[in-house]
Structures are given as structure tokens and as C-alpha cells.
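coords-v4.txt (compact mmCIF, C-alpha atoms)
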```txt
# COMPACT_ATOMS: atom_id res chain seq x y z
CA MET K 23 0.00 0.00 0.00
CA TYR K 24 1.21 3.51 -0.81
CA LYS K 25 2.25 5.79 2.01
CA VAL K 26 1.93 9.55 1.65
CA PHE K 27 3.93 11.82 3.95
CA GLY K 28 2.14 15.16 3.94
CA ASP K 29 0.03 17.87 5.52
CA MET K 30 -3.63 18.15 4.57
CA LEU K 31 -3.45 21.96 4.69
CA SER K 32 -0.72 22.04 2.06
CA GLY K 33 -2.01 22.43 -1.48
CA ASN K 34 0.88 20.38 -2.82
CA CYS K 35 -0.14 17.48 -0.58
CA TYR K 36 -3.85 17.97 -1.26
CA LYS K 37 -3.14 17.38 -4.98
CA ILE K 38 -2.09 13.83 -4.16
CA LYS K 39 -5.09 13.28 -1.88
CA LEU K 40 -7.46 14.47 -4.61
CA LEU K 41 -6.06 12.17 -7.30
CA MET K 42 -6.08 9.23 -4.92
CA GLN K 43 -9.73 9.95 -4.12
CA PHE K 44 -10.65 10.26 -7.81
CA LEU K 45 -8.87 6.98 -8.61
CA ASP K 46 -9.85 5.25 -5.37
CA ILE K 47 -6.23 4.39 -4.56
CA GLU K 48 -5.77 2.83 -1.14
CA HIS K 49 -3.08 4.58 0.89
CA GLN K 50 -1.86 5.48 4.33
CA TRP K 51 -1.53 9.20 5.12
CA ILE K 52 1.26 10.11 7.54
CA HIS K 53 1.00 13.64 8.89
CA ILE K 54 4.18 15.72 8.80
CA ASN K 55 4.26 18.96 10.77
CA ILE K 56 6.34 21.43 8.77
CA LEU K 57 6.16 24.13 11.45
CA ALA K 58 7.75 21.65 13.90
CA ASN K 59 10.55 21.11 11.33
CA GLU K 60 9.62 17.47 10.81
CA THR K 61 10.88 17.72 7.20
CA GLN K 62 14.34 18.72 8.44
CA THR K 63 15.28 15.53 10.28
CA GLU K 64 17.92 13.15 8.92
CA LYS K 65 15.29 10.43 8.72
CA PHE K 66 13.01 12.60 6.58
CA LYS K 67 15.90 13.66 4.34
CA GLN K 68 16.60 10.03 3.59
CA MET K 69 13.19 10.01 1.90
CA ASN K 70 13.56 13.44 0.32
CA PRO K 71 16.99 15.13 0.48
CA ASN K 72 15.25 18.37 -0.52
CA ALA K 73 13.32 18.27 2.79
CA ARG K 74 9.84 18.98 1.44
CA ILE K 75 6.41 17.39 1.45
CA PRO K 76 4.67 15.52 -0.11
CA VAL K 77 6.67 12.29 -0.39
CA LEU K 78 5.21 9.08 -1.81
CA GLU K 79 6.53 5.76 -0.54
CA LEU K 80 6.00 2.91 -2.99
CA ASN K 81 5.30 -0.69 -2.09
CA ASN K 82 8.93 -1.63 -2.67
CA GLY K 83 10.15 1.03 -0.22
CA THR K 84 11.42 3.52 -2.81
CA TYR K 85 10.41 7.17 -2.67
CA LEU K 86 9.14 9.77 -5.06
CA TRP K 87 8.86 13.48 -4.28
CA GLU K 88 7.66 16.67 -5.98
CA SER K 89 3.85 16.79 -6.06
CA ASN K 90 3.50 17.04 -9.83
CA ALA K 91 5.91 14.15 -10.46
CA ILE K 92 3.85 12.03 -8.07
CA LEU K 93 0.65 12.99 -9.93
CA ASN K 94 2.17 11.93 -13.25
CA TYR K 95 3.28 8.62 -11.75
CA LEU K 96 -0.12 7.79 -10.26
CA ALA K 97 -2.13 9.01 -13.26
CA GLU K 98 -0.32 6.90 -15.87
CA ASN K 99 -2.83 4.78 -17.82
CA THR K 100 -5.83 6.56 -16.30
CA LYS K 101 -8.14 9.17 -17.82
CA PHE K 102 -6.36 11.89 -15.83
CA LEU K 103 -3.28 11.70 -18.10
CA PRO K 104 -3.72 11.59 -21.89
CA GLN K 105 -1.81 9.08 -24.02
CA ASN K 106 -1.07 11.53 -26.82
CA ASN K 107 2.47 12.96 -26.60
CA TYR K 108 1.47 16.57 -27.35
CA GLU K 109 -1.35 16.53 -24.79
CA ARG K 110 0.95 14.99 -22.18
CA ALA K 111 3.44 17.79 -22.81
CA LYS K 112 0.61 20.33 -22.47
CA VAL K 113 -0.24 18.81 -19.08
CA LEU K 114 3.39 19.28 -18.06
CA GLN K 115 3.44 22.81 -19.48
CA TRP K 116 0.63 23.84 -17.11
CA GLN K 117 2.18 21.95 -14.20
CA PHE K 118 5.52 23.73 -14.66
CA PHE K 119 3.58 27.00 -14.99
CA GLU K 120 1.95 26.14 -11.67
CA GLN K 121 5.23 25.51 -9.89
CA TYR K 122 7.10 28.50 -11.34
CA SER K 123 4.54 31.24 -11.98
CA HIS K 124 1.64 30.43 -9.66
CA GLU K 125 2.70 28.57 -6.50
CA PRO K 126 5.61 30.87 -5.48
CA TYR K 127 3.16 33.79 -5.39
CA ILE K 128 -0.24 32.41 -4.39
CA ALA K 129 0.84 29.55 -2.13
CA THR K 130 3.63 31.55 -0.54
CA ALA K 131 1.35 34.50 0.21
CA ARG K 132 -1.14 32.03 1.72
CA TYR K 133 1.63 30.42 3.78
CA ILE K 134 2.80 33.76 5.17
CA ASN K 135 -0.77 34.76 5.98
CA LYS K 136 -2.37 31.50 7.12
CA TYR K 137 0.50 29.46 8.61
CA LEU K 138 2.63 32.30 9.97
CA GLY K 139 -0.12 34.83 10.78
CA LEU K 140 1.31 37.60 8.57
CA PRO K 141 4.17 38.66 10.86
CA LYS K 142 5.40 42.25 10.48
CA GLU K 143 8.80 41.24 9.09
CA ARG K 144 7.20 39.40 6.16
CA GLU K 145 4.50 41.94 5.32
CA SER K 146 6.45 43.51 2.49
CA GLU K 147 7.19 40.07 0.97
CA TYR K 148 3.48 39.21 1.28
CA HIS K 149 2.42 42.35 -0.56
CA GLY K 150 5.14 41.76 -3.16
CA LYS K 151 3.50 38.43 -4.03
CA GLN K 152 0.19 39.96 -5.09
CA SER K 153 1.12 41.21 -8.55
CA GLY K 154 2.75 37.91 -9.66
CA GLY K 155 -0.23 35.97 -8.32
CA HIS K 156 -2.71 38.08 -10.25
CA LYS K 157 -0.60 37.70 -13.39
CA ALA K 158 -0.91 33.90 -13.10
CA LEU K 159 -4.65 34.12 -12.41
CA PHE K 160 -5.07 36.33 -15.48
CA VAL K 161 -3.28 33.76 -17.69
CA MET K 162 -5.50 31.00 -16.29
CA ASP K 163 -8.72 32.99 -16.66
CA LYS K 164 -7.95 33.83 -20.28
CA HIS K 165 -7.26 30.17 -21.09
CA LEU K 166 -10.44 29.07 -19.33
CA SER K 167 -12.49 31.62 -21.28
CA GLN K 168 -11.95 29.40 -24.32
CA ASN K 169 -11.43 25.96 -22.78
CA LYS K 170 -13.45 23.95 -20.29
CA PHE K 171 -10.32 22.46 -18.69
CA PHE K 172 -6.60 23.07 -19.09
CA VAL K 173 -5.79 20.30 -21.57
CA GLY K 174 -8.22 18.66 -23.99
CA SER K 175 -11.92 18.39 -23.27
CA ASP K 176 -11.82 16.64 -19.92
CA VAL K 177 -10.15 17.01 -16.56
CA THR K 178 -6.46 16.02 -16.24
CA ILE K 179 -3.84 16.23 -13.53
CA ALA K 180 -3.05 19.73 -14.87
CA ASP K 181 -6.40 20.82 -13.43
CA ILE K 182 -5.66 19.09 -10.14
CA SER K 183 -2.30 20.89 -9.91
CA LEU K 184 -3.84 24.29 -10.56
CA TYR K 185 -6.97 23.73 -8.49
CA ALA K 186 -5.05 23.02 -5.28
CA TYR K 187 -3.86 26.55 -4.50
CA THR K 188 -6.25 28.51 -6.72
CA HIS K 189 -9.36 27.51 -4.78
CA VAL K 190 -7.81 28.78 -1.52
CA ALA K 191 -6.20 31.85 -3.09
CA ASP K 192 -8.42 34.01 -0.84
CA GLU K 193 -6.30 32.82 2.10
CA GLY K 194 -3.35 34.56 0.41
CA GLY K 195 -5.30 37.74 -0.14
CA PHE K 196 -6.38 37.07 -3.74
CA ASP K 197 -9.97 38.04 -4.50
CA LEU K 198 -11.24 35.76 -7.28
CA SER K 199 -14.53 37.58 -7.88
CA ASP K 200 -13.31 39.24 -11.08
CA TYR K 201 -12.06 35.94 -12.53
CA LEU K 202 -15.36 34.62 -13.87
CA HIS K 203 -13.89 31.79 -15.94
CA ILE K 204 -11.81 30.54 -13.04
CA GLN K 205 -14.96 30.51 -10.89
CA ARG K 206 -16.83 28.45 -13.50
CA TRP K 207 -13.87 26.03 -13.71
CA LEU K 208 -13.67 25.65 -9.91
CA GLN K 209 -17.35 24.69 -9.90
CA ASP K 210 -16.87 22.16 -12.70
CA PHE K 211 -13.86 20.70 -10.92
CA GLU K 212 -15.79 20.21 -7.69
CA LYS K 213 -18.31 17.99 -9.52
CA ILE K 214 -15.71 15.29 -10.25
CA PRO K 215 -16.83 12.05 -8.55
CA GLY K 216 -14.75 11.48 -5.44
CA TYR K 217 -14.00 15.17 -4.88
CA ILE K 218 -13.27 16.11 -1.29
CA LYS K 219 -12.70 19.53 0.18
CA MET K 220 -9.34 20.57 1.47
CA LEU K 221 -9.21 20.69 5.22
CA ARG K 222 -8.88 24.22 6.59
CA GLU K 223 -7.49 22.95 9.91
CA ASN K 224 -5.44 19.84 10.58
CA PRO K 225 -7.40 17.24 12.57
CA MET X 12 10.41 22.14 -39.24
CA TYR X 13 10.32 23.14 -35.57
CA LYS X 14 10.80 26.78 -34.65
CA VAL X 15 12.32 27.73 -31.30
CA PHE X 16 11.79 31.25 -29.94
CA GLY X 17 14.56 31.84 -27.46
CA ASP X 18 17.79 33.47 -26.30
CA MET X 19 21.02 31.49 -26.44
CA LEU X 20 22.20 33.04 -23.15
CA SER X 21 19.16 31.73 -21.28
CA GLY X 22 19.69 28.36 -19.63
CA ASN X 23 16.03 27.46 -20.14
CA CYS X 24 16.47 27.99 -23.90
CA TYR X 25 19.87 26.30 -23.98
CA LYS X 26 18.21 23.11 -22.62
CA ILE X 27 16.18 22.89 -25.85
CA LYS X 28 19.23 23.62 -28.02
CA LEU X 29 21.22 20.87 -26.27
CA LEU X 30 18.56 18.17 -26.71
CA MET X 31 18.06 19.16 -30.34
CA GLN X 32 21.82 18.86 -30.88
CA PHE X 33 21.97 15.46 -29.16
CA LEU X 34 19.03 14.18 -31.23
CA ASP X 35 20.05 16.01 -34.42
CA ILE X 36 16.62 17.65 -34.73
CA GLU X 37 16.40 20.18 -37.54
CA HIS X 38 15.00 23.51 -36.36
CA GLN X 39 14.95 27.24 -36.89
CA TRP X 40 16.10 29.41 -33.96
CA ILE X 41 14.41 32.80 -33.65
CA HIS X 42 16.18 35.16 -31.26
CA ILE X 43 13.97 36.93 -28.72
CA ASN X 44 15.46 39.87 -26.82
CA ILE X 45 13.98 39.76 -23.33
CA LEU X 46 15.67 43.01 -22.24
CA ALA X 47 13.91 44.78 -25.15
CA ASN X 48 10.60 43.32 -23.84
CA GLU X 49 10.07 41.21 -26.94
CA THR X 50 8.22 38.63 -24.81
CA GLN X 51 5.69 41.27 -23.75
CA THR X 52 4.12 42.01 -27.16
CA GLU X 53 0.58 40.90 -28.00
CA LYS X 54 2.00 38.80 -30.84
CA PHE X 55 4.35 36.95 -28.50
CA LYS X 56 1.61 36.41 -25.91
CA GLN X 57 -0.48 34.67 -28.55
CA MET X 58 2.26 32.04 -28.55
CA ASN X 59 2.77 32.05 -24.78
CA PRO X 60 0.28 34.00 -22.65
CA ASN X 61 2.77 33.73 -19.78
CA ALA X 62 5.22 35.86 -21.80
CA ARG X 63 8.33 33.76 -21.33
CA ILE X 64 10.91 31.99 -23.46
CA PRO X 65 11.49 29.34 -24.75
CA VAL X 66 8.50 28.62 -26.97
CA LEU X 67 8.40 25.72 -29.43
CA GLU X 68 6.33 26.06 -32.59
CA LEU X 69 5.30 22.72 -34.03
CA ASN X 70 4.87 21.92 -37.71
CA ASN X 71 1.10 22.36 -37.46
CA GLY X 72 1.45 25.86 -36.02
CA THR X 73 0.59 24.98 -32.41
CA TYR X 74 2.81 26.08 -29.55
CA LEU X 75 4.35 24.52 -26.48
CA TRP X 76 6.07 26.46 -23.68
CA GLU X 77 7.91 25.73 -20.41
CA SER X 78 11.39 24.40 -21.11
CA ASN X 79 10.96 21.11 -19.27
CA ALA X 80 7.63 20.35 -20.95
CA ILE X 81 9.30 20.92 -24.33
CA LEU X 82 12.14 18.55 -23.36
CA ASN X 83 9.66 15.82 -22.43
CA TYR X 84 7.83 16.30 -25.72
CA LEU X 85 10.96 16.09 -27.86
CA ALA X 86 12.58 13.25 -25.89
CA GLU X 87 9.61 10.85 -26.13
CA ASN X 88 10.75 7.52 -27.63
CA THR X 89 14.43 8.44 -27.42
CA LYS X 90 17.11 7.29 -25.00
CA PHE X 91 16.86 10.61 -23.15
CA LEU X 92 13.50 9.66 -21.61
CA PRO X 93 13.02 6.18 -20.09
CA GLN X 94 9.93 4.09 -20.88
CA ASN X 95 9.47 2.83 -17.32
CA ASN X 96 6.81 4.77 -15.42
CA TYR X 97 8.81 5.11 -12.18
CA GLU X 98 11.93 6.31 -13.99
CA ARG X 99 9.87 8.80 -16.00
CA ALA X 100 8.44 10.15 -12.75
CA LYS X 101 11.97 10.40 -11.32
CA VAL X 102 12.97 12.47 -14.36
CA LEU X 103 10.04 14.78 -13.63
CA GLN X 104 10.91 14.86 -9.93
CA TRP X 105 14.34 16.31 -10.73
CA GLN X 106 12.92 18.68 -13.34
CA PHE X 107 10.39 20.09 -10.85
CA PHE X 108 13.22 20.33 -8.31
CA GLU X 109 15.14 22.31 -10.93
CA GLN X 110 12.30 24.77 -11.55
CA TYR X 111 11.33 25.25 -7.90
CA SER X 112 14.46 24.80 -5.79
CA HIS X 113 17.33 25.52 -8.20
CA GLU X 114 16.43 27.93 -11.02
CA PRO X 115 14.80 30.65 -8.85
CA TYR X 116 18.06 30.94 -6.92
CA ILE X 117 20.90 30.13 -9.30
CA ALA X 118 19.41 31.40 -12.56
CA THR X 119 17.91 34.50 -10.95
CA ALA X 120 21.20 35.42 -9.22
CA ARG X 121 22.92 34.97 -12.60
CA TYR X 122 20.29 37.12 -14.32
CA ILE X 123 20.69 39.94 -11.81
CA ASN X 124 24.47 39.76 -12.10
CA LYS X 125 25.04 39.01 -15.77
CA TYR X 126 22.04 40.53 -17.57
CA LEU X 127 21.39 43.49 -15.29
CA GLY X 128 24.95 44.16 -14.07
CA LEU X 129 24.15 43.77 -10.36
CA PRO X 130 22.39 47.11 -9.83
CA LYS X 131 22.43 48.54 -6.29
CA GLU X 132 18.67 48.14 -5.78
CA ARG X 133 18.85 44.39 -6.41
CA GLU X 134 22.02 43.65 -4.43
CA SER X 135 20.15 42.44 -1.37
CA GLU X 136 17.95 40.14 -3.49
CA TYR X 137 21.10 38.82 -5.17
CA HIS X 138 22.77 38.01 -1.86
CA GLY X 139 19.50 36.49 -0.61
CA LYS X 140 19.65 33.94 -3.45
CA GLN X 141 22.97 32.44 -2.37
CA SER X 142 21.78 30.24 0.47
CA GLY X 143 18.92 28.63 -1.50
CA GLY X 144 21.25 28.05 -4.43
CA HIS X 145 23.83 26.28 -2.27
CA LYS X 146 21.08 24.17 -0.73
CA ALA X 147 20.11 22.92 -4.21
CA LEU X 148 23.76 22.31 -5.14
CA PHE X 149 24.23 20.31 -1.94
CA VAL X 150 21.22 18.09 -2.75
CA MET X 151 22.60 17.51 -6.25
CA ASP X 152 26.14 16.80 -5.07
CA LYS X 153 24.93 14.25 -2.55
CA HIS X 154 22.86 12.45 -5.17
CA LEU X 155 25.76 12.46 -7.62
CA SER X 156 28.09 11.01 -4.98
CA GLN X 157 26.15 7.76 -5.40
CA ASN X 158 24.83 8.01 -8.95
CA LYS X 159 26.54 8.71 -12.28
CA PHE X 160 23.52 10.63 -13.60
CA PHE X 161 20.23 11.82 -12.06
CA VAL X 162 18.00 8.93 -13.16
CA GLY X 163 19.11 5.41 -14.03
CA SER X 164 22.54 4.66 -15.38
CA ASP X 165 22.60 6.93 -18.41
CA VAL X 166 21.93 10.56 -19.24
CA THR X 167 18.30 11.73 -19.44
CA ILE X 168 16.57 15.07 -19.90
CA ALA X 169 16.76 15.46 -16.09
CA ASP X 170 20.52 15.94 -16.54
CA ILE X 171 19.97 18.42 -19.37
CA SER X 172 17.58 20.44 -17.18
CA LEU X 173 20.02 20.58 -14.29
CA TYR X 174 23.13 21.08 -16.40
CA ALA X 175 21.83 24.27 -18.05
CA TYR X 176 22.14 26.63 -15.09
CA THR X 177 24.53 24.61 -12.92
CA HIS X 178 27.44 24.84 -15.35
CA VAL X 179 27.18 28.65 -15.38
CA ALA X 180 26.42 28.98 -11.67
CA ASP X 181 29.70 30.95 -11.32
CA GLU X 182 27.99 33.79 -13.21
CA GLY X 183 25.52 33.99 -10.32
CA GLY X 184 28.29 34.00 -7.72
CA PHE X 185 28.26 30.27 -6.90
CA ASP X 186 31.70 28.72 -6.51
CA LEU X 187 31.46 25.05 -7.51
CA SER X 188 34.94 24.06 -6.38
CA ASP X 189 33.70 22.32 -3.22
CA TYR X 190 31.10 20.29 -5.14
CA LEU X 191 33.37 17.52 -6.39
CA HIS X 192 30.59 15.19 -7.57
CA ILE X 193 28.90 17.97 -9.51
CA GLN X 194 32.23 18.70 -11.19
CA ARG X 195 32.64 15.07 -12.20
CA TRP X 196 29.08 15.02 -13.56
CA LEU X 197 29.59 18.23 -15.55
CA GLN X 198 32.62 16.62 -17.20
CA ASP X 199 30.69 13.44 -18.01
CA PHE X 200 27.82 15.48 -19.43
CA GLU X 201 30.12 17.41 -21.73
CA LYS X 202 31.26 14.16 -23.37
CA ILE X 203 27.77 13.43 -24.80
CA PRO X 204 28.05 13.33 -28.61
CA GLY X 205 26.64 16.52 -30.08
CA TYR X 206 27.36 18.63 -26.98
CA ILE X 207 27.80 22.32 -27.64
CA LYS X 208 28.80 25.04 -25.23
CA MET X 209 26.36 27.70 -24.16
CA LEU X 210 27.13 31.03 -25.76
CA ARG X 211 28.32 33.61 -23.26
CA GLU X 212 27.36 36.51 -25.56
CA ASN X 213 24.56 36.66 -28.12
CA PRO X 214 25.88 36.75 -31.70
```

Spit out the file's structure as C-alpha cells when you get a sec.
Amino acid sequence: MYKVFGDMLSGNCYKIKLLMQFLDIEHQWIHINILANETQTEKFKQMNPNARIPVLELNNGTYLWESNAILNYLAENTKFLPQNNYERAKVLQWQFFEQYSHEPYIATARYINKYLGLPKERESEYHGKQSGGHKALFVMDKHLSQNKFFVGSDVTIADISLYAYTHVADEGGFDLSDYLHIQRWLQDFEKIPGYIKMLRENP
Amino acid sequence: MYKVFGDMLSGNCYKIKLLMQFLDIEHQWIHINILANETQTEKFKQMNPNARIPVLELNNGTYLWESNAILNYLAENTKFLPQNNYERAKVLQWQFFEQYSHEPYIATARYINKYLGLPKERESEYHGKQSGGHKALFVMDKHLSQNKFFVGSDVTIADISLYAYTHVADEGGFDLSDYLHIQRWLQDFEKIPGYIKMLRENP
């Protein structure tokens, strides 16, 4: 059985939870407390030398890290990852967009605000994240004005990757009310059988 | 014939050039001057709404962006991308590591120093990039102490992704002399048939 080392409040971890729900993949979830530096121990770094969650442990005891790599691994030969080479590359295109142009703004602003309580010394960084976050949301909204999902005509792991932090962007100070196409897409996404909400507090 | 819109001084663009050299893929290279804001025009944004290079134009006139997505597209069914699902995911793991934990430090420090000439108002940002960059180099060096390449026993596009900015890390202020395993790997990489150096000045 798969083991997932993660935090249910982290969008990167929630991505894995969502896909496992959609595909009904049996797994054990092991909570890692990042604020207690549980990713910084030698034991954790043997799983992921880059000291980040989520980490997937396979049945044979090997590990895989980076949320979007894990999604690609689990989605292989399912409807969440196309077979066609161009469409697969388009999935990756949006996933790399997510990690480079979306997550460092929207997820980081949310982290500073929600996890750390917007401390004075990080206020200027928090405000500096707003413009980059809106730029990413604008690119997404424009794409969704002409496309139901990010790649092809049905949901893929590209949507899962982008849904994770977009739907809680308000917790990073991003008002989505002007992004009408993103709102429509969020609603469509939430109709996928197996969908579960992200926890807003750890149990 | 493929068209590549890029800048030969950009590591993200150089990745595409390297793979095309290794695979002997015929293509046309169209120089884009980022300092002259050539990625910000409406015409460019029709190719990539995220306004970044590189962009690949396919024979049918469609576009693909994000350097690592382009590498995966071009490497399909070649020796640079394994067939095995776990190894493919490991390639992606290192490519997402590159875009999230390596490029924002090492490439950005290089950009501030080399492209912008280390202006006073970005000096503190530049110095702030050093610790994250060394963290990524440390993770790489440790992995390479036990592995010849990043995934499996031969070179893959994961190596191409990480080579691009690592081998010019000195231009971002990173001294590689203590990273003995990275140095060995750089030398091995440069022996791949078809290897060409990155230009240090645009023609």
C-alpha cells in the first residue's frame, strides 16, 4: 500500500489526496508537521533530500517526491493523463507554470498569511506576491475563457495541480470575484466524482 | 520544421538547443530579446500568454512552452526519456526540483548579475539567493556522490535540465569548487556526442 507523507493543509499534498480519491487508490496518510521542522530531520531527508512534502513511498520502499511528479506517476494509464504525446506535454506545461509562476506567489502569500499569521517582518514580501499571483490568475482565466479544462476536453492532472492553491487563493489575499472563468472552472472541478474539500485545519 | 523562440544566453532555452543537438533535430532558432521586452508584445503572448521563453512552434502551427515540458515532448521515444513509469516520474521529480528549488536561486542570481549588471537596488535580493542556491547544489552533489547521472545509469533530460544553469552557476556568484561530484558530472555530461557550449554573448 502507498504511504503519503504530507500535511492536509498544504495544497501540494492535497493534490495527491485528490487524485487518490478520484482513482480510489488505497493509501496510508502520515501527517508531517512542517512548522515543527519534521521535514528537516535526517530520517526525513533520507526520503527526500530536498526536505519537502509531499513524499510518496512505494510498495517496494522507494520514494518519489515533488507533487507534480507524483501525480504523473499515479495518473499513468488513467483518464487523468492523456496518451497523446502533445497533450501529455501540455499537461506538463501547465504543471511547470503552476510551480514557477503560480505557486511561489499564491501559495507563498497564503503560507505567510495563514501558517505564519502575517508577521510584520514578512508583510512587504506578502504584498510583493500579489502582482505575480494576479498575473498567473489572469493567464488561467484567459485560457479558461476558451477551454473547459486546461488540456483537452476533460479534466487532467493539470487541473488538479492548478486547483489546489487557486481555490484557496483568498487565504493569500487574492480576490477571485473578477475571474469569472476561473470561478466556472472551480465549480466544474468540484463535480468530479470522489471530490473532497481541502481541510482548513489539521485534525 | 520546428521553430524555437529563445535566447542562447538563457539556460532554459539552452536546454532545448542541447537536446536538439543530441538528437540532431532540424529547427529554426528565432532570437527573442527579453531586455527589449520582446516577450511582452501581444504577438508573443499569442504564442505564450505567460510571456516567457522558450516557446516551441510545431509543424502544425501549435505552440508549447515551459522548457521542461518541451524537453519531455521532444525526448519521447528516445534514450533521453526512459519508458518505465517510475523512472519517467523520477525524471520529472528532478525537473520540478530544478524549476522550484534551483532555477529561482541560481538562474535568478545569474540574471541579476550578468544581464542586469548587479544594480544597487537588487544587491540584497542577489545576496539572498545564495543560500537557496547552495542548498540545491548540496542536494545535487549528494545524489551524484552515489549516482553517475540523475536517473538510471545513463543521461536523461533530467541531466539536461540541471546542467543548463549549474554549469554557469559561477555567473551567479556560486563557486562550484567544493562540489566535487557535480564537477565530475559536468565533465561526463560534456562528453555526450553533439554537446555544444552555451554562448556567453549573443551573436

Please, what distance in Å, to one decimal, runs between atom CA of Asn70 of chain K and atom CA of Gly154 of chain K?
-> 28.6 Å

Under the rule of at most 7 Å, produce a per-residue listing of chain K near chain X: chain, number, name, the closest pair of atoms, and the distance in Å, as a Markdown table, using only C-alpha atoms.
```
| residue | atom | partner | partner_atom | distance |
| --- | --- | --- | --- | --- |
| K:Pro71 | CA | X:Val150 | CA | 6.1 |
| K:Asn72 | CA | X:Val150 | CA | 6.4 |
| K:Leu86 | CA | X:Lys101 | CA | 6.9 |
| K:Trp87 | CA | X:Gln104 | CA | 6.2 |
| K:Glu88 | CA | X:Gln104 | CA | 5.4 |
| K:Ala91 | CA | X:Gln104 | CA | 5.1 |
| K:Ile92 | CA | X:Ala100 | CA | 6.8 |
| K:Asn94 | CA | X:Ala100 | CA | 6.5 |
| K:Tyr95 | CA | X:Ala100 | CA | 5.5 |
| K:Asn107 | CA | X:Tyr84 | CA | 6.4 |
| K:Tyr108 | CA | X:Tyr84 | CA | 6.6 |
| K:Ala111 | CA | X:Ala80 | CA | 5.3 |
| K:Lys112 | CA | X:Leu75 | CA | 6.9 |
| K:Leu114 | CA | X:Ala80 | CA | 5.2 |
| K:Gln115 | CA | X:Ala80 | CA | 5.1 |
| K:Phe118 | CA | X:Glu77 | CA | 6.5 |
| K:Gln121 | CA | X:Tyr111 | CA | 6.4 |
| K:Tyr122 | CA | X:Tyr111 | CA | 6.3 |
| K:Val161 | CA | X:Pro60 | CA | 6.1 |
```

Would you list the contacts of segment 28-34 of chain X as a ChimeraX atom specification, taking every protein, DNA or RNA residue within 12 Å and counting all atoms listed in the file, but skipping same-chain residues closer than 5 positions in sequence?
-> /X:13-23,39-41,65-67,78-79,81-92,166-172,174-175,200-210

Okay, now the selection with C-alpha atoms, as a compact mmCIF listing (two decimals), keeping the file's coordinate frame?
```txt
# COMPACT_ATOMS: atom_id res chain seq x y z
CA TYR X 13 10.32 23.14 -35.57
CA LYS X 14 10.80 26.78 -34.65
CA VAL X 15 12.32 27.73 -31.30
CA PHE X 16 11.79 31.25 -29.94
CA GLY X 17 14.56 31.84 -27.46
CA ASP X 18 17.79 33.47 -26.30
CA MET X 19 21.02 31.49 -26.44
CA LEU X 20 22.20 33.04 -23.15
CA SER X 21 19.16 31.73 -21.28
CA GLY X 22 19.69 28.36 -19.63
CA ASN X 23 16.03 27.46 -20.14
CA GLN X 39 14.95 27.24 -36.89
CA TRP X 40 16.10 29.41 -33.96
CA ILE X 41 14.41 32.80 -33.65
CA PRO X 65 11.49 29.34 -24.75
CA VAL X 66 8.50 28.62 -26.97
CA LEU X 67 8.40 25.72 -29.43
CA SER X 78 11.39 24.40 -21.11
CA ASN X 79 10.96 21.11 -19.27
CA ILE X 81 9.30 20.92 -24.33
CA LEU X 82 12.14 18.55 -23.36
CA ASN X 83 9.66 15.82 -22.43
CA TYR X 84 7.83 16.30 -25.72
CA LEU X 85 10.96 16.09 -27.86
CA ALA X 86 12.58 13.25 -25.89
CA GLU X 87 9.61 10.85 -26.13
CA ASN X 88 10.75 7.52 -27.63
CA THR X 89 14.43 8.44 -27.42
CA LYS X 90 17.11 7.29 -25.00
CA PHE X 91 16.86 10.61 -23.15
CA LEU X 92 13.50 9.66 -21.61
CA VAL X 166 21.93 10.56 -19.24
CA THR X 167 18.30 11.73 -19.44
CA ILE X 168 16.57 15.07 -19.90
CA ALA X 169 16.76 15.46 -16.09
CA ASP X 170 20.52 15.94 -16.54
CA ILE X 171 19.97 18.42 -19.37
CA SER X 172 17.58 20.44 -17.18
CA TYR X 174 23.13 21.08 -16.40
CA ALA X 175 21.83 24.27 -18.05
CA PHE X 200 27.82 15.48 -19.43
CA GLU X 201 30.12 17.41 -21.73
CA LYS X 202 31.26 14.16 -23.37
CA ILE X 203 27.77 13.43 -24.80
CA PRO X 204 28.05 13.33 -28.61
CA GLY X 205 26.64 16.52 -30.08
CA TYR X 206 27.36 18.63 -26.98
CA ILE X 207 27.80 22.32 -27.64
CA LYS X 208 28.80 25.04 -25.23
CA MET X 209 26.36 27.70 -24.16
CA LEU X 210 27.13 31.03 -25.76
```

Could you please determine the separation between atom CA of Tyr176 of chain X and atom CA of Thr130 of chain K in Å, to one decimal place?
->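 Spanning atom CA of Tyr176 of chain X to atom CA of Thr130 of chain K is a straight-line distance of 24.1 Å.
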
At what distance in Å, to one decimal, does atom CA of His178 of chain X lie from atom CA of Gln198 of chain X?
->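 Between atom CA of Gln198 of chain X and atom CA of His178 of chain X the gap is 9.9 Å.
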
Could you check which of X:Gln194, X:Ser135, X:Ser164, X:Gln57 is closest to Thr177 of chain X, using only C-alpha atoms?
->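 Smallest distance to Thr177 of chain X is found for X:Gln194.
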
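Nearest-residue note for Leu198 of chain K: choosing from K:Arg222, K:His124, K:His156, K:Arg144, the minimum distance belongs to K:His156, counting all atoms listed in the file.
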
Mind checking which residues fall within 12 Å of Lys125 of chain X, counting only C-alpha atoms, ignoring those fewer than 4 positions away in the same chain, and posting them as a ChimeraX atom specification?
-> /X:20-21,117-121,129-130,137,179-184,211-212

Have a look at X:Asn213, X:Asn70, X:Ser156, X:Asn44 and name the one nearest to His192 of chain X; count only C-alpha atoms.
->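 For His192 of chain X, the nearest of the candidates is X:Ser156.
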
Kindly provide, as a list in words, the polymer residues lying within 9 Å of (8.0, 14.4, 8.8), counting only C-alpha atoms and using the coordinates exactly as they appear in the file.
->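 Every polymer residue passing the test: Phe27, Gly28, Ile52, His53, Ile54, Asn55, Ile56, Ala58, Asn59, Glu60, Thr61, Gln62, Thr63, Lys65, Phe66, Ala73, Arg74 and Ile75 of chain K.
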